[in-house]
>>> print(open('upload.cif').read())   # mmCIF, C-alpha atoms and all ligand atoms
data_input
#
loop_
_atom_site.label_atom_id
_atom_site.label_comp_id
_atom_site.auth_asym_id
_atom_site.auth_seq_id
_atom_site.Cartn_x
_atom_site.Cartn_y
_atom_site.Cartn_z
CA MET J 1 10.69 20.76 11.94
CA LYS J 2 9.79 20.62 8.24
CA ALA J 3 6.77 18.59 7.12
CA LEU J 4 5.21 17.91 3.70
CA ARG J 5 1.56 18.81 4.22
CA LEU J 6 -1.57 18.53 2.12
CA LEU J 7 -3.24 21.90 2.64
CA GLU J 8 -6.08 21.42 0.13
CA TRP J 9 -7.55 18.58 -1.91
CA LYS J 10 -6.51 18.45 -5.57
CA SER J 11 -3.36 20.50 -4.97
CA ASP J 12 0.35 19.85 -4.47
CA PRO J 13 1.44 19.39 -0.85
CA VAL J 14 3.70 22.08 0.63
CA LEU J 15 6.82 21.82 2.77
CA VAL J 16 6.11 23.93 5.87
CA ASP J 17 7.44 24.37 9.41
CA VAL J 18 5.46 22.64 12.15
CA GLU J 19 5.95 22.08 15.88
CA GLU J 20 7.85 18.96 16.89
CA PRO J 21 5.40 16.50 18.43
CA ASP J 22 5.52 15.82 22.14
CA PRO J 23 4.21 12.41 23.25
CA GLY J 24 1.28 12.59 25.67
CA PRO J 25 0.49 9.74 28.08
CA GLY J 26 0.49 6.41 26.23
CA GLN J 27 1.89 7.92 23.01
CA VAL J 28 5.18 7.39 21.17
CA VAL J 29 7.22 9.64 18.87
CA VAL J 30 9.07 7.87 16.06
CA ARG J 31 12.07 9.42 14.28
CA ILE J 32 11.32 8.66 10.62
CA GLY J 33 13.93 6.70 8.69
CA GLY J 34 11.77 6.15 5.62
CA ALA J 35 8.34 7.30 4.45
CA GLY J 36 7.08 5.72 1.23
CA ALA J 37 5.33 7.79 -1.45
CA CYS J 38 2.09 6.05 -2.44
CA HIS J 39 -0.04 6.66 -5.51
CA SER J 40 -2.99 7.24 -3.17
CA ASP J 41 -1.32 10.53 -2.18
CA LEU J 42 -1.32 11.44 -5.88
CA HIS J 43 -5.06 10.73 -6.02
CA PHE J 44 -5.50 13.21 -3.13
CA MET J 45 -3.45 15.79 -5.07
CA ARG J 46 -5.14 15.25 -8.44
CA ASP J 47 -8.51 13.57 -8.71
CA LEU J 48 -10.16 12.66 -5.40
CA GLU J 49 -13.28 14.80 -5.01
CA PRO J 50 -13.18 16.97 -1.86
CA GLY J 51 -15.64 15.63 0.70
CA LEU J 52 -15.44 12.02 -0.49
CA ILE J 53 -13.35 11.20 2.58
CA PRO J 54 -14.28 13.15 5.73
CA TRP J 55 -10.74 14.13 6.79
CA GLN J 56 -9.74 17.47 8.26
CA LEU J 57 -7.02 19.22 6.27
CA PRO J 58 -4.18 20.03 6.57
CA PHE J 59 -2.23 16.91 7.50
CA THR J 60 1.30 15.69 6.84
CA LEU J 61 1.51 13.07 4.09
CA GLY J 62 3.30 9.74 4.43
CA HIS J 63 1.40 6.57 5.38
CA GLU J 64 4.24 4.05 4.86
CA ASN J 65 6.53 4.68 7.78
CA ALA J 66 9.42 3.11 9.66
CA GLY J 67 12.09 4.58 11.91
CA TRP J 68 13.38 4.53 15.47
CA VAL J 69 11.63 5.10 18.78
CA HIS J 70 12.46 8.71 19.68
CA ALA J 71 10.39 9.54 22.76
CA LEU J 72 7.99 7.64 24.99
CA GLY J 73 4.93 9.15 26.65
CA GLN J 74 4.07 8.49 30.26
CA GLY J 75 3.19 4.88 30.96
CA VAL J 76 4.50 3.38 27.71
CA THR J 77 6.42 0.17 28.33
CA GLY J 78 7.88 -2.52 26.09
CA LEU J 79 9.77 -0.19 23.74
CA GLU J 80 13.29 1.19 24.00
CA LEU J 81 14.61 4.51 22.77
CA GLY J 82 16.43 4.01 19.47
CA GLN J 83 14.66 0.73 18.73
CA PRO J 84 13.84 0.30 15.00
CA VAL J 85 10.12 -0.06 14.35
CA ALA J 86 7.64 -0.19 11.50
CA VAL J 87 4.42 1.78 11.90
CA TYR J 88 1.15 -0.07 11.35
CA GLY J 89 -0.60 2.89 9.77
CA ALA J 90 -4.33 2.05 9.99
CA TRP J 91 -5.46 3.57 13.26
CA GLY J 92 -8.92 2.40 14.27
CA CYS J 93 -10.94 2.83 17.46
CA GLY J 94 -8.93 0.08 19.16
CA GLN J 95 -12.05 -1.33 20.86
CA CYS J 96 -14.33 -2.92 18.23
CA GLY J 97 -14.11 -6.58 17.33
CA ARG J 98 -12.07 -5.90 14.20
CA CYS J 99 -9.58 -3.65 15.99
CA ARG J 100 -9.16 -6.20 18.79
CA LEU J 101 -8.09 -8.74 16.17
CA GLY J 102 -5.60 -6.26 14.69
CA THR J 103 -7.77 -5.61 11.63
CA GLU J 104 -7.84 -1.87 12.30
CA ASN J 105 -8.02 -1.22 8.53
CA LEU J 106 -11.65 -2.38 8.79
CA CYS J 107 -12.54 -0.70 12.10
CA GLU J 108 -16.28 -0.88 12.70
CA ASP J 109 -16.51 2.25 14.83
CA PRO J 110 -14.58 4.74 12.70
CA ALA J 111 -16.32 7.67 14.39
CA ALA J 112 -14.41 6.70 17.55
CA ALA J 113 -11.07 6.42 15.69
CA PRO J 114 -8.65 9.35 15.48
CA ALA J 115 -9.56 9.77 11.77
CA PHE J 116 -12.34 8.15 9.72
CA MET J 117 -10.83 4.95 8.18
CA GLY J 118 -7.47 6.72 8.28
CA GLY J 119 -4.21 6.81 10.17
CA SER J 120 -0.76 8.29 9.86
CA GLY J 121 -0.66 10.35 6.66
CA LEU J 122 -4.33 9.64 5.96
CA GLY J 123 -6.29 12.38 7.69
CA LEU J 124 -3.69 12.57 10.49
CA ASP J 125 -0.08 13.70 10.43
CA GLY J 126 2.12 11.13 8.66
CA GLY J 127 5.80 10.40 8.20
CA MET J 128 6.95 12.97 5.64
CA ALA J 129 8.61 14.87 8.48
CA GLU J 130 11.47 14.21 10.86
CA LEU J 131 9.18 13.00 13.65
CA LEU J 132 5.85 11.16 13.75
CA LEU J 133 3.44 11.10 16.69
CA VAL J 134 1.96 7.62 17.13
CA PRO J 135 -1.09 7.52 19.45
CA SER J 136 -0.43 4.05 20.86
CA PRO J 137 2.44 1.56 21.02
CA ARG J 138 0.07 -1.06 19.58
CA HIS J 139 0.69 0.56 16.18
CA LEU J 140 4.42 -0.25 16.29
CA VAL J 141 6.00 -3.50 15.15
CA PRO J 142 9.68 -4.00 16.07
CA LEU J 143 11.77 -4.51 12.94
CA PRO J 144 13.20 -7.98 12.59
CA ASP J 145 16.97 -8.30 12.06
CA GLY J 146 17.88 -7.75 8.43
CA LEU J 147 15.46 -4.89 7.73
CA ASP J 148 16.37 -1.23 8.09
CA PRO J 149 13.69 1.50 8.20
CA VAL J 150 14.15 2.51 4.54
CA ALA J 151 13.64 -1.07 3.33
CA ALA J 152 10.81 -1.63 5.81
CA ALA J 153 8.79 1.53 5.10
CA PRO J 154 7.23 0.40 1.77
CA LEU J 155 6.37 -2.96 3.27
CA THR J 156 3.85 -1.27 5.61
CA ASP J 157 1.52 -0.45 2.69
CA ALA J 158 2.97 -1.28 -0.75
CA GLY J 159 3.81 -4.68 0.79
CA LEU J 160 0.99 -5.11 3.31
CA THR J 161 -1.85 -4.20 0.94
CA PRO J 162 -1.02 -6.80 -1.75
CA TYR J 163 -0.12 -9.33 0.97
CA HIS J 164 -3.62 -8.96 2.44
CA ALA J 165 -5.14 -9.25 -1.05
CA VAL J 166 -3.08 -12.31 -2.01
CA ARG J 167 -3.63 -13.99 1.35
CA ARG J 168 -7.43 -13.96 1.06
CA SER J 169 -7.07 -15.74 -2.31
CA TRP J 170 -4.55 -18.36 -1.15
CA PRO J 171 -7.05 -21.25 -1.44
CA LYS J 172 -7.41 -20.44 -5.15
CA LEU J 173 -3.68 -20.38 -5.85
CA ALA J 174 -2.76 -24.05 -5.85
CA PRO J 175 -0.13 -25.46 -8.24
CA GLY J 176 -1.38 -25.22 -11.81
CA THR J 177 -3.18 -21.93 -11.25
CA THR J 178 -2.41 -18.47 -12.59
CA ALA J 179 -2.42 -15.09 -10.87
CA VAL J 180 -2.45 -11.86 -12.89
CA VAL J 181 -0.96 -8.66 -11.49
CA VAL J 182 -2.20 -5.54 -13.30
CA GLY J 183 0.04 -2.51 -12.68
CA VAL J 184 3.61 -3.25 -11.66
CA GLY J 185 4.40 -0.10 -9.69
CA GLY J 186 5.00 0.20 -5.95
CA LEU J 187 2.31 -2.29 -4.91
CA GLY J 188 2.42 -4.48 -8.02
CA HIS J 189 6.15 -5.27 -7.96
CA LEU J 190 5.76 -6.43 -4.37
CA ALA J 191 2.59 -8.37 -5.26
CA VAL J 192 4.59 -10.39 -7.81
CA GLN J 193 7.15 -11.28 -5.13
CA ILE J 194 4.49 -12.08 -2.52
CA LEU J 195 2.76 -14.43 -4.96
CA LYS J 196 6.05 -16.17 -5.75
CA ALA J 197 7.05 -16.42 -2.08
CA THR J 198 3.72 -17.68 -0.72
CA THR J 199 2.00 -19.60 -3.55
CA ALA J 200 2.78 -21.99 -6.41
CA ALA J 201 0.77 -19.99 -8.96
CA ARG J 202 2.24 -18.85 -12.26
CA VAL J 203 2.41 -15.08 -12.24
CA VAL J 204 1.44 -12.97 -15.25
CA ALA J 205 2.28 -9.26 -14.94
CA VAL J 206 0.62 -6.53 -17.00
CA ASP J 207 1.69 -2.90 -17.37
CA THR J 208 1.55 -0.19 -20.01
CA ARG J 209 5.22 0.75 -19.37
CA ALA J 210 8.03 -1.38 -20.81
CA GLU J 211 10.26 -0.56 -17.78
CA ALA J 212 7.63 -1.90 -15.42
CA LEU J 213 7.45 -5.16 -17.39
CA THR J 214 11.24 -5.48 -17.15
CA LEU J 215 11.01 -4.96 -13.40
CA ALA J 216 8.21 -7.55 -13.21
CA SER J 217 10.42 -10.14 -14.90
CA GLU J 218 13.38 -9.25 -12.69
CA VAL J 219 11.35 -9.78 -9.52
CA GLY J 220 9.96 -13.12 -10.66
CA ALA J 221 6.98 -12.79 -12.99
CA ASP J 222 6.70 -15.82 -15.29
CA VAL J 223 5.10 -13.85 -18.11
CA ALA J 224 5.06 -10.09 -18.78
CA VAL J 225 2.25 -8.75 -20.97
CA PRO J 226 1.98 -5.20 -22.37
CA GLY J 227 -1.26 -3.55 -21.23
CA ASP J 228 -2.60 -2.90 -24.74
CA ALA J 229 -5.58 -4.04 -26.79
CA ASP J 230 -4.14 -7.57 -27.13
CA ALA J 231 -3.57 -8.07 -23.39
CA ALA J 232 -6.68 -10.19 -22.74
CA GLN J 233 -5.89 -12.57 -25.56
CA GLU J 234 -2.24 -12.88 -24.51
CA ILE J 235 -3.20 -13.62 -20.92
CA ARG J 236 -5.77 -16.21 -22.01
CA SER J 237 -3.21 -17.99 -24.15
CA ALA J 238 -0.64 -17.83 -21.31
CA THR J 239 -3.15 -19.81 -19.23
CA GLY J 240 -3.84 -22.44 -21.87
CA GLY J 241 -7.16 -20.73 -22.60
CA ARG J 242 -8.54 -21.31 -19.09
CA GLY J 243 -8.10 -17.79 -17.74
CA ALA J 244 -6.71 -16.45 -14.50
CA ASP J 245 -7.68 -17.92 -11.14
CA VAL J 246 -6.91 -14.63 -9.42
CA VAL J 247 -6.64 -11.14 -10.91
CA LEU J 248 -5.18 -8.42 -8.72
CA ASP J 249 -5.89 -4.99 -10.21
CA PHE J 250 -3.50 -2.31 -8.89
CA VAL J 251 -4.91 0.33 -11.23
CA GLY J 252 -8.71 0.16 -10.99
CA SER J 253 -9.63 2.03 -14.18
CA ASP J 254 -12.50 1.15 -16.53
CA SER J 255 -10.08 -0.56 -18.89
CA THR J 256 -8.23 -2.64 -16.29
CA LEU J 257 -11.49 -3.74 -14.65
CA ALA J 258 -12.76 -4.81 -18.07
CA LEU J 259 -9.49 -6.65 -18.66
CA GLY J 260 -9.84 -8.47 -15.33
CA ALA J 261 -13.40 -9.53 -16.14
CA ALA J 262 -12.28 -10.69 -19.59
CA VAL J 263 -9.45 -12.90 -18.35
CA ALA J 264 -10.91 -14.30 -15.11
CA ARG J 265 -11.48 -18.05 -14.94
CA SER J 266 -14.77 -19.42 -13.61
CA LEU J 267 -14.62 -19.66 -9.79
CA GLY J 268 -11.83 -17.08 -9.84
CA ASP J 269 -11.24 -13.92 -7.80
CA LEU J 270 -11.14 -10.42 -9.27
CA THR J 271 -9.65 -8.19 -6.59
CA VAL J 272 -9.65 -4.44 -7.04
CA VAL J 273 -6.94 -2.63 -5.09
CA GLY J 274 -6.27 0.42 -7.29
CA ILE J 275 -8.48 3.44 -6.73
CA ALA J 276 -8.45 5.03 -10.19
CA GLY J 277 -12.25 5.19 -9.90
CA GLY J 278 -13.27 2.94 -12.78
CA THR J 279 -16.48 0.93 -12.75
CA LEU J 280 -17.43 -2.50 -13.98
CA GLY J 281 -20.99 -3.29 -14.97
CA LEU J 282 -22.13 -6.46 -13.24
CA SER J 283 -24.78 -8.79 -14.54
CA PHE J 284 -25.18 -12.55 -14.54
CA PHE J 285 -23.34 -12.86 -17.84
CA SER J 286 -20.72 -10.09 -17.48
CA VAL J 287 -18.15 -12.30 -15.75
CA PRO J 288 -17.48 -16.04 -16.00
CA TYR J 289 -19.59 -18.20 -13.70
CA GLU J 290 -18.92 -17.90 -9.98
CA VAL J 291 -16.22 -15.27 -10.18
CA SER J 292 -15.95 -13.32 -6.93
CA ILE J 293 -15.37 -9.59 -7.28
CA GLN J 294 -13.93 -7.79 -4.28
CA THR J 295 -12.12 -4.70 -3.16
CA THR J 296 -9.45 -4.75 -0.48
CA TYR J 297 -8.30 -2.01 1.85
CA TRP J 298 -4.77 -2.09 3.33
CA GLY J 299 -4.09 -5.00 5.72
CA ALA J 300 -4.16 -6.20 9.32
CA ARG J 301 -1.42 -5.76 11.92
CA PRO J 302 -0.67 -9.51 12.19
CA GLU J 303 -0.26 -9.54 8.41
CA LEU J 304 2.31 -6.74 8.70
CA VAL J 305 4.32 -8.97 11.05
CA GLU J 306 4.24 -11.65 8.34
CA VAL J 307 5.24 -9.26 5.55
CA LEU J 308 8.16 -7.96 7.61
CA ASP J 309 9.29 -11.56 8.09
CA LEU J 310 9.22 -12.10 4.32
CA GLY J 311 11.21 -8.88 3.97
CA ALA J 312 13.79 -9.76 6.59
CA ARG J 313 14.38 -13.13 4.90
CA GLY J 314 14.92 -11.44 1.53
CA LEU J 315 11.89 -13.12 -0.05
CA VAL J 316 10.17 -9.80 -0.67
CA ARG J 317 12.25 -6.71 -1.31
CA ALA J 318 11.08 -3.31 -2.51
CA ARG J 319 12.99 -1.73 -5.40
CA ILE J 320 13.60 1.68 -3.84
CA THR J 321 14.70 5.15 -4.94
CA THR J 322 15.28 7.50 -2.00
CA PHE J 323 14.48 11.22 -1.95
CA ALA J 324 15.38 13.87 0.63
CA LEU J 325 12.34 15.47 2.30
CA GLU J 326 13.01 18.69 0.37
CA LYS J 327 12.76 16.66 -2.86
CA ALA J 328 9.60 14.73 -1.98
CA LEU J 329 7.59 16.46 -4.71
CA ASP J 330 10.08 15.06 -7.22
CA ALA J 331 9.16 11.57 -6.01
CA TYR J 332 5.49 12.17 -6.76
CA ALA J 333 6.34 13.76 -10.12
CA ALA J 334 8.42 10.71 -11.07
CA MET J 335 5.50 8.44 -10.11
CA GLU J 336 2.97 10.56 -11.99
CA HIS J 337 5.02 10.60 -15.18
CA GLY J 338 5.92 6.91 -15.16
CA ARG J 339 9.61 7.45 -14.40
CA LEU J 340 9.71 5.55 -11.13
CA GLU J 341 10.86 1.98 -10.72
CA GLY J 342 9.19 0.27 -7.75
CA ARG J 343 8.81 2.64 -4.79
CA ALA J 344 10.03 6.11 -3.81
CA VAL J 345 10.99 6.47 -0.16
CA VAL J 346 11.46 9.88 1.46
CA THR J 347 14.29 9.96 4.01
CA PRO J 348 13.84 13.00 6.30
CA GLN J 349 17.04 12.33 8.29
CA ARG J 350 19.47 12.82 5.40
P1 LIG X 401 2.21 3.21 -8.91
O1 LIG X 401 2.01 4.50 -9.63
O2 LIG X 401 3.49 2.96 -8.23
O3 LIG X 401 1.93 1.97 -9.89
C1 LIG X 401 0.87 1.93 -10.80
C2 LIG X 401 1.32 1.10 -11.99
O4 LIG X 401 0.21 0.84 -12.84
C3 LIG X 401 2.37 1.79 -12.85
O5 LIG X 401 3.46 0.91 -13.09
C4 LIG X 401 1.63 2.12 -14.14
O6 LIG X 401 2.47 2.12 -15.28
C5 LIG X 401 0.63 1.00 -14.19
N1 LIG X 401 -0.56 1.27 -15.01
C6 LIG X 401 -1.25 2.44 -15.13
N2 LIG X 401 -2.28 2.28 -15.98
C7 LIG X 401 -2.25 1.00 -16.40
C8 LIG X 401 -3.07 0.22 -17.27
N3 LIG X 401 -4.14 0.75 -17.88
N4 LIG X 401 -2.75 -1.08 -17.47
C9 LIG X 401 -1.69 -1.63 -16.84
N5 LIG X 401 -0.87 -0.95 -16.00
C10 LIG X 401 -1.16 0.35 -15.79
O7 LIG X 401 1.00 3.13 -7.85
P2 LIG X 401 0.94 2.33 -6.45
O8 LIG X 401 1.44 3.21 -5.36
O9 LIG X 401 1.47 0.97 -6.62
O10 LIG X 401 -0.65 2.27 -6.24
C11 LIG X 401 -1.47 1.53 -7.12
C12 LIG X 401 -2.93 1.82 -6.85
O11 LIG X 401 -3.32 1.23 -5.61
C13 LIG X 401 -3.27 3.31 -6.71
O12 LIG X 401 -4.55 3.54 -7.26
C14 LIG X 401 -3.32 3.51 -5.21
O13 LIG X 401 -4.07 4.62 -4.84
C15 LIG X 401 -3.94 2.21 -4.78
N6 LIG X 401 -3.75 1.80 -3.39
C16 LIG X 401 -4.79 1.16 -2.82
C17 LIG X 401 -4.66 0.66 -1.54
C18 LIG X 401 -5.80 -0.08 -0.92
O14 LIG X 401 -5.75 -0.35 0.27
N7 LIG X 401 -6.81 -0.46 -1.67
C19 LIG X 401 -3.46 0.84 -0.83
C20 LIG X 401 -2.41 1.49 -1.46
C21 LIG X 401 -2.55 1.97 -2.76
ZN ZN X 402 -0.91 3.77 0.14
ZN ZN X 403 -12.37 -0.29 15.70
#
>>> encode(input="upload.cif", output="structure tokens")
Amino acid sequence: MKALRLLEWKSDPVLVDVEEPDPGPGQVVVRIGGAGACHSDLHFMRDLEPGLIPWQLPFTLGHENAGWVHALGQGVTGLELGQPVAVYGAWGCGQCGRCRLGTENLCEDPAAAPAFMGGSGLGLDGGMAELLLVPSPRHLVPLPDGLDPVAAAPLTDAGLTPYHAVRRSWPKLAPGTTAVVVGVGGLGHLAVQILKATTAARVVAVDTRAEALTLASEVGADVAVPGDADAAQEIRSATGGRGADVVLDFVGSDSTLALGAAVARSLGDLTVVGIAGGTLGLSFFSVPYEVSIQTTYWGARPELVEVLDLGARGLVRARITTFALEKALDAYAAMEHGRLEGRAVVTPQR
């Protein structure tokens, strides 16, 4: 079968022929219906320093996957051939306290996991191929009625990651509060919807692209602010001068981190999700009093179940452009050059 594989860091992935996977005991093969293209893949292709993450190359890209159960290894029960499933992509050791709770994204024994803090498409073969080998049925969540694999695929990361980030700030998002979403791409346009569906906060969206601000308004943002030199002032005035209770930064550059620090309200959360590699100097006076600064990494399996429920009920819906596997590089090019609306999903079966 064909697979889109990252052969070297800081280089374009290549479509090559690979062996079809055969499920060993306890394993499952999923026929991929949709594999989302994430900006993290672009970081691997462009700017992530080799050696920063200890993954063996090559591997097949694609860490946002959904499809149908294709083959069951010996001893696997509870799944049926042809059943639609979403893949929970963070594959931990399965044994530590975090993994037992389904928080495999924060596995505490990554040396015992199949890849260090990785999973499908992150150090191990992912879903940008016809078939995906999944090491355990615990990584599969049956799709609820109302969600097909193409719609579900982005929810496993572009949905799950902001859901996890929003969820940990829920106590700070009471009526009368404001949440700021910086970067309204794949993750950000779902973050806006997750905030609207699960909190009463006013949502301010920020992006440097006019099309992204239009999308933000279409999916429910109360205010859309251009990401220029006036952004901080505009956000402050949109909050009656108080500032934002929660800032979710889906870019993570020097300038967006500085923006977050400038608009945060005292007691607020500044959550960094984007991995553009920016830094923020921290001192007692560099952020308003009692602001919590945090990073988040992906999400937990139980949270994926919740995101899929929001998706099935139509409360959170990815704006999707599909690409054939042979055209997957076009999806990344569109993302890189700011021509993508929402998420690109690669569909290897078409
Ligand atoms: P994307 O390319 O789809 O969206 C990024 C958006 O940010 C675009 O709309 C772009 O116009 C906008 N943007 C860029 N610079 C900006 C600026 N200075 N101010 C305001 N907006 C700006 O990317 P994505 O797939 O949504 O991923 C977003 C980031 O999150 C990436 O860095 C990705 O690697 C990271 N990510 C992190 C996790 C995690 O677990 N922490 C998970 C998935 C993705
Ligand atoms: Zn991702
Ligand atoms: Zn673990």
>>> residues_near_ligand(input="upload.cif", ligand="ligand LIG 401 (chain X)", cutoff="6 Å", atoms="all atoms listed in the file", output="PyMOL selection string")
chain J and resi 38-40+161+182-188+206-209+212+227+250-251+256+273-276+296-298+335+338
>>> atom_distance(input="upload.cif", atom1="atom CA of J:Gly299", atom2="atom CA of J:Thr322")
24.3 Å
>>> atom_distance(input="upload.cif", atom1="atom CA of J:Thr60", atom2="atom CA of J:Ser11")
13.6 Å
>>> atom_distance(input="upload.cif", atom1="atom CA of J:Thr279", atom2="atom CA of J:Leu257")
7.1 Å
>>> closest_atom_pairs(input="upload.cif", of="chain J", to="ligand ZN 403 (chain X)", cutoff="7 Å", atoms="all atoms listed in the file", output="Markdown table")
| residue | atom | partner | partner_atom | distance |
| --- | --- | --- | --- | --- |
| J:Gly92 | CA | X:ZN403 | ZN | 4.6 |
| J:Cys93 | CA | X:ZN403 | ZN | 3.9 |
| J:Gly94 | CA | X:ZN403 | ZN | 4.9 |
| J:Gln95 | CA | X:ZN403 | ZN | 5.3 |
| J:Cys96 | CA | X:ZN403 | ZN | 4.1 |
| J:Gly97 | CA | X:ZN403 | ZN | 6.7 |
| J:Arg98 | CA | X:ZN403 | ZN | 5.8 |
| J:Cys99 | CA | X:ZN403 | ZN | 4.4 |
| J:Glu104 | CA | X:ZN403 | ZN | 5.9 |
| J:Cys107 | CA | X:ZN403 | ZN | 3.6 |
| J:Glu108 | CA | X:ZN403 | ZN | 5.0 |
| J:Asp109 | CA | X:ZN403 | ZN | 4.9 |
| J:Pro110 | CA | X:ZN403 | ZN | 6.3 |
| J:Ala113 | CA | X:ZN403 | ZN | 6.8 |
>>> closest_residue(input="upload.cif", among="J:Leu155, J:Ile320, J:Leu7, J:Ala333", to="J:Trp55", atoms="only C-alpha atoms")
J:Leu7
>>> closest_residue(input="upload.cif", among="J:Glu64, J:Asp12, J:Glu234, J:Asp47", to="ligand ZN 402 (chain X)", atoms="only C-alpha atoms and all ligand atoms")
J:Glu64
>>> residues_near_point(input="upload.cif", point="(17.1, 17.3, -2.3)", cutoff="12 Å", atoms="all atoms listed in the file", output="PyMOL selection string")
chain J and resi 322-331+346-350
>>> closest_residue(input="upload.cif", among="J:Leu122, J:Leu101, J:Glu336, J:Val287", to="ligand ZN 402 (chain X)", atoms="all atoms listed in the file")
J:Leu122
>>> residues_near_point(input="upload.cif", point="(-2.1, -13.4, -11.8)", cutoff="9 Å", atoms="all atoms listed in the file", output="PyMOL selection string")
chain J and resi 177-182+192+195+201-205+244-248
>>> axis_aligned_box(input="upload.cif", around="stretch 298-312 of chain J", padding_each_side="6 Å", output="AutoDock Vina command-line options")
--center_x 4.5 --center_y -7.1 --center_z 7.8 --size_x 30.6 --size_y 22.0 --size_z 20.9
>>> closest_residue(input="upload.cif", among="J:Pro288, J:Gly82, J:Gly260, J:Gly121", to="ligand ZN 402 (chain X)", atoms="all atoms listed in the file")
J:Gly121
>>> closest_residue(input="upload.cif", among="J:Leu270, J:Ala318, J:Val219, J:Leu52", to="J:Val345", atoms="only C-alpha atoms")
J:Ala318
>>> closest_residue(input="upload.cif", among="J:Gly342, J:Thr77, J:Ala238, J:Ser266", to="J:Val223", atoms="all atoms listed in the file")
J:Ala238
>>> residues_around(input="upload.cif", residues="J:Arg317", least_positions_apart="4", cutoff="9 Å", atoms="all atoms listed in the file", output="ChimeraX atom specification")
/J:151-152,155,159,190,193,219,310-312
>>> residues_around(input="upload.cif", residues="J:Leu15", least_positions_apart="5", cutoff="7 Å", atoms="all atoms listed in the file", output="PyMOL selection string")
chain J and resi 2-5
